[in-house]
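For reference, the structure discussed in these notes is given below.
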Amino acid sequence: MSDEPFDPDAIESYREAGAILAEAMNEARGMVEPGTTHLEIAEWTEDYVRDRGAGLAFPVNISVDEEASHATPAAEDETTIGEEMVCLDVGVHVDGYIADAAVTVDHTGSTELVEASEMALEAAIDEAGPGVPVGEIGQAVEDVIRGYGYTPVLNLSGHGVERYDAHTGPNVPNRGVDRSVTLEPGQAVAIEPFATDGRGKVGEGTTEEIFELERDRSVRDRRSRQALEAIREFDGLPFAARWLDVDGVEMALRRLKQRDVITGYPVLKESDGQLVSQAEHTILVTDDGVEVTTAGIHGFD
């Protein structure tokens with residue numbers, strides 16, 4: 001391995017993205033209070049990131065109770081925070097280099113469920129390093145969560161992040177795996193344990209507000225063309241329907257999906273309808289260890 005697995009400019013961009021994310025997250029989590037709308041939280045956080053000169057790696061996710069991922073408010077959404085468990089997941093990029101992190105804010109009294117995912121994240125980071133099999137990291141996550149009496153969400157995993165690509169390999173499971181790939185210097189990886197008091201499986205719901213360009217091709221419909229022109233500005237990263245200032249956006253997106261131009265991300269929900277907590281950091285794997293780029297948002301940082 002080289003002494004410098006990352007380009008120096010890439011390292012600085014990863015670090016800057018992580019620092020901006022941590023600032024935004026620590027402000028936004030204070031807004032997750034009963035009575036505040038999901039849209040207020042999402043738009044404030046996204047505006048903060050843009051005002052700092054960075055970009056959104058994906059729309060702010062605000063997942064409630066049994067929701068695990070891909071929940072973001074629609075335009076004009078008036079849903080408010082209640083006495084709920086709320087996972088706040090934020091992605092930031094600087095010149096395409098991504099930071100991805102999540103915290104859980106609890107208003108249900110289930111503090112140990114939140115602690116389980118956070119302590120699992122700490123254990124996973126302690127385990128991580130060059131040459132470490134991702135299955136061993138997953139075992140560390142599973143041991144902590146089951147030690148709290150909960151179940152890891154088995155069909156969700158951590159993932160690599162590359163330039164302008166928020167979900168790449170390697171996948172980092174939330175359970176022990178005997179045979180798995182190893183972490184290598186030069187990788188940026190988002191580790192994200194999910195804990196639940198259900199059986200530990202998620203399935204797709206019916207709500208879909210996050211999309212991604214899948215295949216850029218010509219379309220005839222005028223509104224679809226207008227929507228596609230706007231979508232191209234997101235550099236292939238996931239986007240929210242509410243980000244598009246296009247007349248008839250719902251129909252335009254439906255037609256683009258039918259043409260396989262874009263793909264949608266339905267909200268993922270715990271199959272038993274039970275609570276889900278999440279904790280996430282992004283790490284850089286170096287020759288001699290790991291560096292957490294999103295430090296400062298969890299109690300163990």
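Ordering of the structure tokens sets the chain letters (A, B, ...); residue numbers start at 1 within each chain; ligands are numbered from 1 in the order shown.
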
| task | Write out as a PyMOL selection string all residues of segment 8-225 of chain A that DSSP puts in strand (DSSP E) for this structure's backbone. | result | chain A and resi 55-64+67-69+85-94+97-106+151-152+157-162+165-173+188-191+194-196+202-213

| Test item: residues at most 7 Å from segment 199-214 of chain A, only C-alpha atoms, excluding those fewer than 3 positions along its chain, as JSON, numbers by chain | {"A": [70, 72, 74, 151, 152, 153, 154, 155, 196, 236, 237, 238, 239, 240, 241, 260, 261, 262, 263, 264, 265, 266, 267, 268, 269, 270, 271, 272]}

| remark: With distances taken over only C-alpha atoms, the candidate from A:Met119, A:Val134, A:Cys87, A:Ala166 nearest Gly299 of chain A is A:Met119

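Atom pair atom CA of His38 of chain A / atom CA of Leu256 of chain A: separated by 26.6 Å.
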
| said: If we count only C-alpha atoms and set the cut-off at 10 Å, which residues sit around Pro173 of chain A, ignoring sequence neighbours fewer than 4 positions away in its own chain? Please answer as a list in words. | reply: Val134, Gly135, Glu136, Ile137, Gly138, Gln139, Val141, Glu142, Pro152, Val153, Leu154, Asn155, Leu156, Ser157, Gly158, His159, Val177, Ser180, Ile191, Glu192 and Pro193 of chain A

| task | Extract, using only C-alpha atoms, all DNA, RNA and protein residues at most 12 Å from Ala188 of chain A, discarding same-chain residues fewer than 4 positions from it, and format them as a PyMOL selection string. | result | chain A and resi 5-6+10-11+13-15+18+97-100+128-130+158-163+165-172+183-184+281-286+290-294
